[in-house]
$ cat coords24.txt   # compact mmCIF, N, CA and C atoms
# COMPACT_ATOMS: atom_id res chain seq x y z
N MET B 1 32.40 9.07 -39.21
CA MET B 1 32.60 8.20 -38.06
C MET B 1 32.30 8.92 -36.75
N ASN B 2 32.76 10.21 -36.65
CA ASN B 2 32.51 10.97 -35.43
C ASN B 2 31.02 11.18 -35.19
N ARG B 3 30.25 11.40 -36.24
CA ARG B 3 28.81 11.57 -36.09
C ARG B 3 28.16 10.29 -35.58
N PHE B 4 28.63 9.18 -36.10
CA PHE B 4 28.10 7.89 -35.67
C PHE B 4 28.38 7.67 -34.19
N CYS B 5 29.58 7.98 -33.74
CA CYS B 5 29.94 7.83 -32.32
C CYS B 5 29.11 8.78 -31.45
N LEU B 6 28.89 10.00 -31.95
CA LEU B 6 28.08 10.95 -31.18
C LEU B 6 26.64 10.48 -31.07
N PHE B 7 26.15 9.74 -32.06
CA PHE B 7 24.80 9.19 -32.01
C PHE B 7 24.73 8.00 -31.05
N LEU B 8 25.76 7.17 -31.08
CA LEU B 8 25.75 5.97 -30.24
C LEU B 8 25.88 6.27 -28.76
N LEU B 9 26.60 7.31 -28.42
CA LEU B 9 26.81 7.63 -27.01
C LEU B 9 25.50 7.90 -26.27
N PRO B 10 24.61 8.76 -26.74
CA PRO B 10 23.33 8.96 -26.04
C PRO B 10 22.45 7.71 -26.06
N VAL B 11 22.49 6.95 -27.16
CA VAL B 11 21.69 5.74 -27.24
C VAL B 11 22.16 4.73 -26.20
N ALA B 12 23.47 4.58 -26.05
CA ALA B 12 24.01 3.66 -25.05
C ALA B 12 23.65 4.11 -23.64
N ALA B 13 23.71 5.42 -23.40
CA ALA B 13 23.34 5.94 -22.08
C ALA B 13 21.86 5.70 -21.80
N LEU B 14 21.03 5.87 -22.81
CA LEU B 14 19.60 5.64 -22.65
C LEU B 14 19.31 4.17 -22.35
N LEU B 15 19.96 3.28 -23.08
CA LEU B 15 19.75 1.85 -22.85
C LEU B 15 20.24 1.43 -21.47
N ALA B 16 21.34 2.00 -21.04
CA ALA B 16 21.87 1.66 -19.71
C ALA B 16 20.92 2.14 -18.62
N SER B 17 20.30 3.29 -18.82
CA SER B 17 19.39 3.81 -17.80
C SER B 17 18.08 3.05 -17.76
N CYS B 18 17.75 2.32 -18.82
CA CYS B 18 16.50 1.56 -18.87
C CYS B 18 16.60 0.20 -18.19
N SER B 19 17.82 -0.26 -17.95
CA SER B 19 17.95 -1.58 -17.32
C SER B 19 17.46 -1.50 -15.88
N LYS B 20 16.85 -2.57 -15.43
CA LYS B 20 16.26 -2.60 -14.09
C LYS B 20 17.33 -2.88 -13.04
N THR B 21 17.21 -2.21 -11.91
CA THR B 21 18.13 -2.44 -10.81
C THR B 21 17.72 -3.73 -10.10
N THR B 22 18.58 -4.18 -9.21
CA THR B 22 18.29 -5.37 -8.41
C THR B 22 17.02 -5.16 -7.60
N GLU B 23 16.86 -3.96 -7.04
CA GLU B 23 15.66 -3.67 -6.25
C GLU B 23 14.41 -3.65 -7.11
N ASP B 24 14.51 -3.12 -8.32
CA ASP B 24 13.35 -3.11 -9.23
C ASP B 24 12.93 -4.54 -9.56
N LYS B 25 13.91 -5.40 -9.84
CA LYS B 25 13.60 -6.79 -10.16
C LYS B 25 12.98 -7.50 -8.96
N ALA B 26 13.51 -7.24 -7.76
CA ALA B 26 12.97 -7.86 -6.55
C ALA B 26 11.54 -7.37 -6.30
N LYS B 27 11.31 -6.09 -6.50
CA LYS B 27 9.98 -5.52 -6.30
C LYS B 27 8.97 -6.17 -7.24
N LEU B 28 9.32 -6.29 -8.52
CA LEU B 28 8.41 -6.91 -9.49
C LEU B 28 8.14 -8.38 -9.15
N ALA B 29 9.18 -9.10 -8.74
CA ALA B 29 9.01 -10.51 -8.40
C ALA B 29 8.09 -10.67 -7.19
N VAL B 30 8.27 -9.84 -6.17
CA VAL B 30 7.43 -9.92 -4.96
C VAL B 30 6.00 -9.51 -5.30
N GLN B 31 5.83 -8.48 -6.11
CA GLN B 31 4.48 -8.07 -6.50
C GLN B 31 3.76 -9.22 -7.22
N ASP B 32 4.44 -9.88 -8.14
CA ASP B 32 3.82 -11.02 -8.84
C ASP B 32 3.49 -12.14 -7.86
N PHE B 33 4.41 -12.42 -6.92
CA PHE B 33 4.21 -13.48 -5.93
C PHE B 33 2.98 -13.21 -5.08
N VAL B 34 2.87 -11.98 -4.55
CA VAL B 34 1.74 -11.63 -3.68
C VAL B 34 0.44 -11.55 -4.49
N ARG B 35 0.52 -10.98 -5.67
CA ARG B 35 -0.67 -10.82 -6.51
C ARG B 35 -1.31 -12.18 -6.81
N THR B 36 -0.51 -13.20 -7.06
CA THR B 36 -1.07 -14.52 -7.38
C THR B 36 -1.67 -15.19 -6.15
N ARG B 37 -1.36 -14.70 -4.96
CA ARG B 37 -1.91 -15.27 -3.74
C ARG B 37 -3.01 -14.42 -3.13
N ALA B 38 -3.32 -13.29 -3.75
CA ALA B 38 -4.39 -12.41 -3.27
C ALA B 38 -5.74 -13.04 -3.59
N SER B 39 -6.80 -12.51 -2.97
CA SER B 39 -8.14 -13.05 -3.22
C SER B 39 -8.46 -13.03 -4.71
N GLU B 40 -8.13 -11.96 -5.37
CA GLU B 40 -8.23 -11.80 -6.83
C GLU B 40 -7.00 -11.00 -7.24
N PRO B 41 -6.28 -11.42 -8.27
CA PRO B 41 -5.08 -10.66 -8.65
C PRO B 41 -5.34 -9.16 -8.87
N SER B 42 -6.52 -8.82 -9.37
CA SER B 42 -6.81 -7.39 -9.60
C SER B 42 -7.11 -6.65 -8.31
N ASN B 43 -7.31 -7.36 -7.19
CA ASN B 43 -7.61 -6.73 -5.91
C ASN B 43 -6.37 -6.49 -5.05
N TYR B 44 -5.19 -6.76 -5.60
CA TYR B 44 -3.93 -6.52 -4.89
C TYR B 44 -3.50 -5.08 -5.13
N PHE B 45 -3.19 -4.38 -4.04
CA PHE B 45 -2.71 -3.00 -4.13
C PHE B 45 -1.43 -2.89 -3.32
N GLY B 46 -0.29 -2.88 -4.01
CA GLY B 46 1.01 -2.77 -3.34
C GLY B 46 1.19 -1.40 -2.73
N GLU B 47 1.84 -1.36 -1.58
CA GLU B 47 2.09 -0.08 -0.92
C GLU B 47 3.58 0.13 -0.72
N LYS B 48 4.09 -0.12 0.47
CA LYS B 48 5.49 0.19 0.77
C LYS B 48 6.40 -1.00 0.52
N PHE B 49 7.64 -0.67 0.13
CA PHE B 49 8.68 -1.66 -0.06
C PHE B 49 9.94 -1.16 0.64
N ARG B 50 10.63 -2.06 1.33
CA ARG B 50 11.96 -1.78 1.87
C ARG B 50 12.85 -2.94 1.45
N PHE B 51 14.10 -2.65 1.14
CA PHE B 51 15.00 -3.66 0.61
C PHE B 51 16.29 -3.69 1.42
N ARG B 52 16.89 -4.86 1.46
CA ARG B 52 18.27 -4.98 1.96
C ARG B 52 18.86 -6.25 1.36
N PRO B 53 20.18 -6.29 1.20
CA PRO B 53 20.81 -7.49 0.65
C PRO B 53 20.56 -8.70 1.56
N TYR B 54 20.42 -9.86 0.96
CA TYR B 54 20.20 -11.10 1.71
C TYR B 54 21.33 -12.04 1.35
N THR B 55 22.08 -12.47 2.38
CA THR B 55 23.25 -13.31 2.16
C THR B 55 22.99 -14.75 2.59
N LYS B 56 23.93 -15.60 2.26
CA LYS B 56 23.84 -17.00 2.70
C LYS B 56 23.87 -17.06 4.23
N ARG B 57 24.62 -16.16 4.85
CA ARG B 57 24.68 -16.09 6.31
C ARG B 57 23.29 -15.79 6.87
N ASP B 58 22.58 -14.82 6.28
CA ASP B 58 21.22 -14.49 6.71
C ASP B 58 20.32 -15.72 6.60
N SER B 59 20.48 -16.45 5.51
CA SER B 59 19.67 -17.65 5.30
C SER B 59 19.96 -18.71 6.36
N LEU B 60 21.23 -18.93 6.65
CA LEU B 60 21.59 -19.92 7.68
C LEU B 60 21.09 -19.51 9.06
N LEU B 61 21.17 -18.22 9.38
CA LEU B 61 20.66 -17.74 10.67
C LEU B 61 19.14 -17.91 10.76
N TYR B 62 18.45 -17.67 9.64
CA TYR B 62 16.99 -17.86 9.60
C TYR B 62 16.66 -19.33 9.83
N VAL B 63 17.37 -20.22 9.15
CA VAL B 63 17.12 -21.66 9.30
C VAL B 63 17.42 -22.09 10.74
N ALA B 64 18.46 -21.54 11.35
CA ALA B 64 18.80 -21.88 12.74
C ALA B 64 17.70 -21.42 13.69
N GLU B 65 17.15 -20.22 13.47
CA GLU B 65 16.05 -19.74 14.32
C GLU B 65 14.82 -20.62 14.17
N MET B 66 14.49 -20.99 12.94
CA MET B 66 13.32 -21.83 12.71
C MET B 66 13.52 -23.22 13.32
N ALA B 67 14.75 -23.74 13.25
CA ALA B 67 15.04 -25.04 13.86
C ALA B 67 14.86 -24.96 15.37
N GLN B 68 15.34 -23.88 15.99
CA GLN B 68 15.20 -23.70 17.43
C GLN B 68 13.72 -23.58 17.81
N ILE B 69 12.96 -22.84 17.05
CA ILE B 69 11.53 -22.68 17.32
C ILE B 69 10.82 -24.03 17.24
N ASN B 70 11.19 -24.84 16.28
CA ASN B 70 10.52 -26.13 16.06
C ASN B 70 11.17 -27.29 16.79
N GLY B 71 12.19 -27.01 17.62
CA GLY B 71 12.83 -28.05 18.41
C GLY B 71 13.65 -29.03 17.58
N LEU B 72 14.22 -28.55 16.50
CA LEU B 72 15.04 -29.40 15.63
C LEU B 72 16.51 -29.07 15.83
N PRO B 73 17.40 -29.98 15.43
CA PRO B 73 18.83 -29.67 15.56
C PRO B 73 19.22 -28.48 14.68
N ALA B 74 20.15 -27.70 15.18
CA ALA B 74 20.59 -26.50 14.46
C ALA B 74 21.49 -26.88 13.28
N PRO B 75 21.41 -26.14 12.20
CA PRO B 75 22.32 -26.36 11.07
C PRO B 75 23.71 -25.87 11.43
N PRO B 76 24.71 -26.12 10.59
CA PRO B 76 26.06 -25.62 10.87
C PRO B 76 26.08 -24.10 10.97
N ALA B 77 26.97 -23.59 11.80
CA ALA B 77 27.10 -22.14 11.97
C ALA B 77 27.66 -21.51 10.70
N PRO B 78 27.26 -20.29 10.40
CA PRO B 78 27.79 -19.60 9.22
C PRO B 78 29.29 -19.35 9.34
N THR B 79 29.94 -19.30 8.20
CA THR B 79 31.37 -19.00 8.13
C THR B 79 31.55 -17.67 7.41
N PRO B 80 32.74 -17.08 7.46
CA PRO B 80 32.96 -15.82 6.72
C PRO B 80 32.67 -15.96 5.21
N ALA B 81 32.84 -17.14 4.67
CA ALA B 81 32.57 -17.35 3.24
C ALA B 81 31.08 -17.24 2.92
N ASP B 82 30.24 -17.29 3.94
CA ASP B 82 28.79 -17.25 3.74
C ASP B 82 28.25 -15.82 3.61
N SER B 83 29.13 -14.85 3.42
CA SER B 83 28.68 -13.47 3.29
C SER B 83 28.32 -13.11 1.84
N VAL B 84 28.26 -14.10 0.97
CA VAL B 84 27.92 -13.88 -0.43
C VAL B 84 26.43 -13.57 -0.54
N ARG B 85 26.13 -12.53 -1.30
CA ARG B 85 24.73 -12.14 -1.50
C ARG B 85 24.03 -13.18 -2.37
N ILE B 86 22.87 -13.66 -1.89
CA ILE B 86 22.11 -14.65 -2.66
C ILE B 86 20.74 -14.13 -3.06
N GLY B 87 20.41 -12.91 -2.67
CA GLY B 87 19.11 -12.36 -3.02
C GLY B 87 18.88 -11.02 -2.36
N THR B 88 17.62 -10.60 -2.38
CA THR B 88 17.23 -9.33 -1.76
C THR B 88 16.09 -9.61 -0.79
N LEU B 89 16.26 -9.15 0.45
CA LEU B 89 15.20 -9.25 1.44
C LEU B 89 14.26 -8.07 1.23
N VAL B 90 12.98 -8.37 1.06
CA VAL B 90 11.99 -7.34 0.76
C VAL B 90 10.94 -7.33 1.86
N TYR B 91 10.78 -6.18 2.50
CA TYR B 91 9.68 -5.97 3.44
C TYR B 91 8.61 -5.26 2.64
N HIS B 92 7.41 -5.84 2.59
CA HIS B 92 6.37 -5.29 1.71
C HIS B 92 5.04 -5.23 2.44
N SER B 93 4.39 -4.05 2.37
CA SER B 93 3.03 -3.93 2.90
C SER B 93 2.10 -3.70 1.71
N TYR B 94 0.90 -4.24 1.83
CA TYR B 94 -0.04 -4.19 0.71
C TYR B 94 -1.46 -4.30 1.23
N ARG B 95 -2.42 -4.01 0.34
CA ARG B 95 -3.84 -4.17 0.65
C ARG B 95 -4.43 -5.20 -0.30
N ASP B 96 -5.42 -5.93 0.19
CA ASP B 96 -6.12 -6.93 -0.61
C ASP B 96 -7.62 -6.72 -0.37
N GLN B 97 -8.34 -6.45 -1.43
CA GLN B 97 -9.78 -6.28 -1.29
C GLN B 97 -10.45 -7.62 -1.50
N MET B 98 -11.15 -8.09 -0.46
CA MET B 98 -11.82 -9.38 -0.53
C MET B 98 -13.03 -9.31 -1.45
N ARG B 99 -13.57 -10.46 -1.80
CA ARG B 99 -14.72 -10.52 -2.71
C ARG B 99 -15.95 -9.81 -2.14
N ASN B 100 -16.04 -9.75 -0.79
CA ASN B 100 -17.18 -9.08 -0.16
C ASN B 100 -16.94 -7.57 -0.02
N GLY B 101 -15.84 -7.07 -0.56
CA GLY B 101 -15.56 -5.64 -0.55
C GLY B 101 -14.73 -5.15 0.61
N ILE B 102 -14.45 -6.01 1.60
CA ILE B 102 -13.66 -5.60 2.76
C ILE B 102 -12.19 -5.51 2.35
N MET B 103 -11.56 -4.41 2.72
CA MET B 103 -10.15 -4.18 2.41
C MET B 103 -9.31 -4.65 3.59
N VAL B 104 -8.35 -5.52 3.34
CA VAL B 104 -7.47 -6.07 4.37
C VAL B 104 -6.06 -5.55 4.11
N GLN B 105 -5.42 -5.04 5.16
CA GLN B 105 -4.03 -4.60 5.03
C GLN B 105 -3.14 -5.68 5.61
N ASP B 106 -2.07 -6.00 4.91
CA ASP B 106 -1.17 -7.05 5.34
C ASP B 106 0.26 -6.66 4.97
N SER B 107 1.20 -7.43 5.45
CA SER B 107 2.60 -7.22 5.10
C SER B 107 3.32 -8.55 5.17
N GLY B 108 4.51 -8.57 4.64
CA GLY B 108 5.29 -9.80 4.66
C GLY B 108 6.76 -9.53 4.42
N GLU B 109 7.55 -10.55 4.71
CA GLU B 109 8.97 -10.52 4.44
C GLU B 109 9.24 -11.60 3.40
N PHE B 110 9.94 -11.22 2.36
CA PHE B 110 10.18 -12.10 1.24
C PHE B 110 11.64 -12.03 0.83
N VAL B 111 12.14 -13.14 0.30
CA VAL B 111 13.46 -13.15 -0.31
C VAL B 111 13.27 -13.35 -1.80
N ALA B 112 13.77 -12.38 -2.57
CA ALA B 112 13.72 -12.48 -4.03
C ALA B 112 15.11 -12.85 -4.51
N ARG B 113 15.20 -13.96 -5.20
CA ARG B 113 16.49 -14.42 -5.73
C ARG B 113 16.74 -13.79 -7.09
N PRO B 114 17.98 -13.76 -7.53
CA PRO B 114 18.28 -13.17 -8.85
C PRO B 114 17.56 -13.85 -10.01
N ASN B 115 17.23 -15.14 -9.87
CA ASN B 115 16.54 -15.84 -10.95
C ASN B 115 15.03 -15.57 -10.95
N GLY B 116 14.54 -14.75 -10.01
CA GLY B 116 13.13 -14.37 -9.99
C GLY B 116 12.26 -15.16 -9.02
N THR B 117 12.80 -16.21 -8.41
CA THR B 117 12.00 -16.96 -7.45
C THR B 117 11.88 -16.16 -6.15
N VAL B 118 10.75 -16.33 -5.49
CA VAL B 118 10.46 -15.61 -4.25
C VAL B 118 10.10 -16.61 -3.17
N ARG B 119 10.63 -16.37 -1.98
CA ARG B 119 10.30 -17.22 -0.83
C ARG B 119 9.74 -16.32 0.27
N ASN B 120 8.62 -16.74 0.83
CA ASN B 120 7.98 -16.02 1.92
C ASN B 120 8.61 -16.46 3.23
N LEU B 121 9.05 -15.51 4.06
CA LEU B 121 9.66 -15.83 5.35
C LEU B 121 8.67 -15.59 6.48
N VAL B 122 8.88 -16.28 7.59
CA VAL B 122 8.14 -15.95 8.81
C VAL B 122 8.72 -14.63 9.30
N ALA B 123 7.87 -13.68 9.58
CA ALA B 123 8.31 -12.35 9.96
C ALA B 123 9.22 -12.39 11.18
N GLU B 124 10.20 -11.49 11.19
CA GLU B 124 11.17 -11.44 12.28
C GLU B 124 10.49 -11.19 13.62
N SER B 125 9.47 -10.35 13.66
CA SER B 125 8.79 -10.07 14.92
C SER B 125 8.14 -11.33 15.48
N ILE B 126 7.59 -12.15 14.63
CA ILE B 126 6.97 -13.41 15.07
C ILE B 126 8.05 -14.39 15.53
N ARG B 127 9.16 -14.46 14.79
CA ARG B 127 10.25 -15.35 15.21
C ARG B 127 10.78 -14.96 16.57
N ARG B 128 10.96 -13.66 16.81
CA ARG B 128 11.46 -13.19 18.11
C ARG B 128 10.51 -13.58 19.25
N LYS B 129 9.20 -13.42 19.05
CA LYS B 129 8.22 -13.78 20.07
C LYS B 129 8.27 -15.27 20.34
N ARG B 130 8.37 -16.08 19.31
CA ARG B 130 8.40 -17.53 19.50
C ARG B 130 9.69 -17.97 20.17
N LEU B 131 10.81 -17.31 19.85
CA LEU B 131 12.08 -17.65 20.49
C LEU B 131 12.06 -17.25 21.96
N ALA B 132 11.43 -16.13 22.27
CA ALA B 132 11.35 -15.67 23.67
C ALA B 132 10.49 -16.60 24.50
N ALA B 133 9.51 -17.25 23.86
CA ALA B 133 8.63 -18.16 24.58
C ALA B 133 9.28 -19.51 24.84
N LYS B 134 10.37 -19.79 24.21
CA LYS B 134 11.06 -21.09 24.38
C LYS B 134 11.80 -21.17 25.67
$ encode --input "coords24.txt" --output "structure tokens"
Amino acid sequence: MNRFCLFLLPVAALLASCSKTTEDKAKLAVQDFVRTRASEPSNYFGEKFRFRPYTKRDSLLYVAEMAQINGLPAPPAPTPADSVRIGTLVYHSYRDQMRNGIMVQDSGEFVARPNGTVRNLVAESIRRKRLAAK
């Protein structure tokens, strides 16, 4: 029995180390999302990734900014209960080689949800400029 337990302990540790982290899952989801929108999926070259938790509060603040930019009524203000994490905000820069051989560098802000869905956000720098112009 002791030998069996000694065998299972390293196997369990190995299996635990193989599981993907939340950031790994978000990175893969965003890579798939961007790759399918590239000029050719094989011409997508991922570069940098930055991650941070994305909460319901972040989502409500984003919707409020977009409503203000578009002249729409604001949604309800976030409450303390809205601090629940609903995904991962991913800042991603990448290159896309066009069919004519020209390499284009781009970046984006994405929210990757735990179920694997990805939503492309309007970049914060663009939102700030549009809000300042209002």
$ residues_around --input "coords24.txt" --residues "Lys48 (chain B)" --least-positions-apart "3" --cutoff "10 Å" --atoms "only C-alpha atoms" --output "list in words"
Val90, Tyr91, His92, Ser93, Tyr94 and Ser107 of chain B
$ write_last_selection --input "coords24.txt" --atoms "N, CA and C atoms" --output "mmCIF file, in the coordinates of the input"
data_model
loop_
_atom_site.group_PDB
_atom_site.id
_atom_site.type_symbol
_atom_site.label_atom_id
_atom_site.label_comp_id
_atom_site.auth_asym_id
_atom_site.auth_seq_id
_atom_site.Cartn_x
_atom_site.Cartn_y
_atom_site.Cartn_z
ATOM 1 N N VAL B 90 12.980 -8.370 1.060
ATOM 2 C CA VAL B 90 11.990 -7.340 0.760
ATOM 3 C C VAL B 90 10.940 -7.330 1.860
ATOM 4 N N TYR B 91 10.780 -6.180 2.500
ATOM 5 C CA TYR B 91 9.680 -5.970 3.440
ATOM 6 C C TYR B 91 8.610 -5.260 2.640
ATOM 7 N N HIS B 92 7.410 -5.840 2.590
ATOM 8 C CA HIS B 92 6.370 -5.290 1.710
ATOM 9 C C HIS B 92 5.040 -5.230 2.440
ATOM 10 N N SER B 93 4.390 -4.050 2.370
ATOM 11 C CA SER B 93 3.030 -3.930 2.900
ATOM 12 C C SER B 93 2.100 -3.700 1.710
ATOM 13 N N TYR B 94 0.900 -4.240 1.830
ATOM 14 C CA TYR B 94 -0.040 -4.190 0.710
ATOM 15 C C TYR B 94 -1.460 -4.300 1.230
ATOM 16 N N SER B 107 1.200 -7.430 5.450
ATOM 17 C CA SER B 107 2.600 -7.220 5.100
ATOM 18 C C SER B 107 3.320 -8.550 5.170
#
$ residues_near_point --input "coords24.txt" --point "(24.1, -24.2, 8.5)" --cutoff "10 Å" --atoms "only C-alpha atoms" --output "ChimeraX atom specification"
/B:56-57,59-64,74-79,82
$ write_last_selection --input "coords24.txt" --atoms "N, CA and C atoms" --output "compact mmCIF listing (two decimals), in the coordinates of the input"
# COMPACT_ATOMS: atom_id res chain seq x y z
N LYS B 56 23.93 -15.60 2.26
CA LYS B 56 23.84 -17.00 2.70
C LYS B 56 23.87 -17.06 4.23
N ARG B 57 24.62 -16.16 4.85
CA ARG B 57 24.68 -16.09 6.31
C ARG B 57 23.29 -15.79 6.87
N SER B 59 20.48 -16.45 5.51
CA SER B 59 19.67 -17.65 5.30
C SER B 59 19.96 -18.71 6.36
N LEU B 60 21.23 -18.93 6.65
CA LEU B 60 21.59 -19.92 7.68
C LEU B 60 21.09 -19.51 9.06
N LEU B 61 21.17 -18.22 9.38
CA LEU B 61 20.66 -17.74 10.67
C LEU B 61 19.14 -17.91 10.76
N TYR B 62 18.45 -17.67 9.64
CA TYR B 62 16.99 -17.86 9.60
C TYR B 62 16.66 -19.33 9.83
N VAL B 63 17.37 -20.22 9.15
CA VAL B 63 17.12 -21.66 9.30
C VAL B 63 17.42 -22.09 10.74
N ALA B 64 18.46 -21.54 11.35
CA ALA B 64 18.80 -21.88 12.74
C ALA B 64 17.70 -21.42 13.69
N ALA B 74 20.15 -27.70 15.18
CA ALA B 74 20.59 -26.50 14.46
C ALA B 74 21.49 -26.88 13.28
N PRO B 75 21.41 -26.14 12.20
CA PRO B 75 22.32 -26.36 11.07
C PRO B 75 23.71 -25.87 11.43
N PRO B 76 24.71 -26.12 10.59
CA PRO B 76 26.06 -25.62 10.87
C PRO B 76 26.08 -24.10 10.97
N ALA B 77 26.97 -23.59 11.80
CA ALA B 77 27.10 -22.14 11.97
C ALA B 77 27.66 -21.51 10.70
N PRO B 78 27.26 -20.29 10.40
CA PRO B 78 27.79 -19.60 9.22
C PRO B 78 29.29 -19.35 9.34
N THR B 79 29.94 -19.30 8.20
CA THR B 79 31.37 -19.00 8.13
C THR B 79 31.55 -17.67 7.41
N ASP B 82 30.24 -17.29 3.94
CA ASP B 82 28.79 -17.25 3.74
C ASP B 82 28.25 -15.82 3.61
$ atom_distance --input "coords24.txt" --atom1 "atom N of Phe110 (chain B)" --atom2 "atom C of Ser125 (chain B)"
13.2 Å
$ atom_distance --input "coords24.txt" --atom1 "atom N of Ala123 (chain B)" --atom2 "atom N of Val111 (chain B)"
10.2 Å
$ select_by_dssp --input "coords24.txt" --residues "region 17-110 of chain B" --states "alpha helix (DSSP H)" --output "ChimeraX atom specification"
/B:17-18,22-37,56-69
$ closest_residue --input "coords24.txt" --among "B:Ala112, B:Ile69, B:Ile86, B:Leu28" --to "Lys129 (chain B)" --atoms "only C-alpha atoms"
B:Ile69
$ select_by_dssp --input "coords24.txt" --residues "chain B" --states "strand (DSSP E or B)" --output "PyMOL selection string"
chain B and resi 44-55+85-97+103-112+118-121
$ closest_residue --input "coords24.txt" --among "B:Val30, B:Lys20, B:Asn43, B:Gln68" --to "Met98 (chain B)" --atoms "all atoms listed in the file"
B:Asn43
$ atom_distance --input "coords24.txt" --atom1 "atom C of Val34 (chain B)" --atom2 "CA of Tyr54 (chain B)"
20.7 Å
$ closest_residue --input "coords24.txt" --among "B:Phe49, B:Arg99, B:Asp58, B:Glu65" --to "Val84 (chain B)" --atoms "only N, CA and C atoms"
B:Asp58
$ closest_residue --input "coords24.txt" --among "B:Pro114, B:Arg37, B:Ile126, B:Gly46" --to "Thr22 (chain B)" --atoms "all atoms listed in the file"
B:Pro114
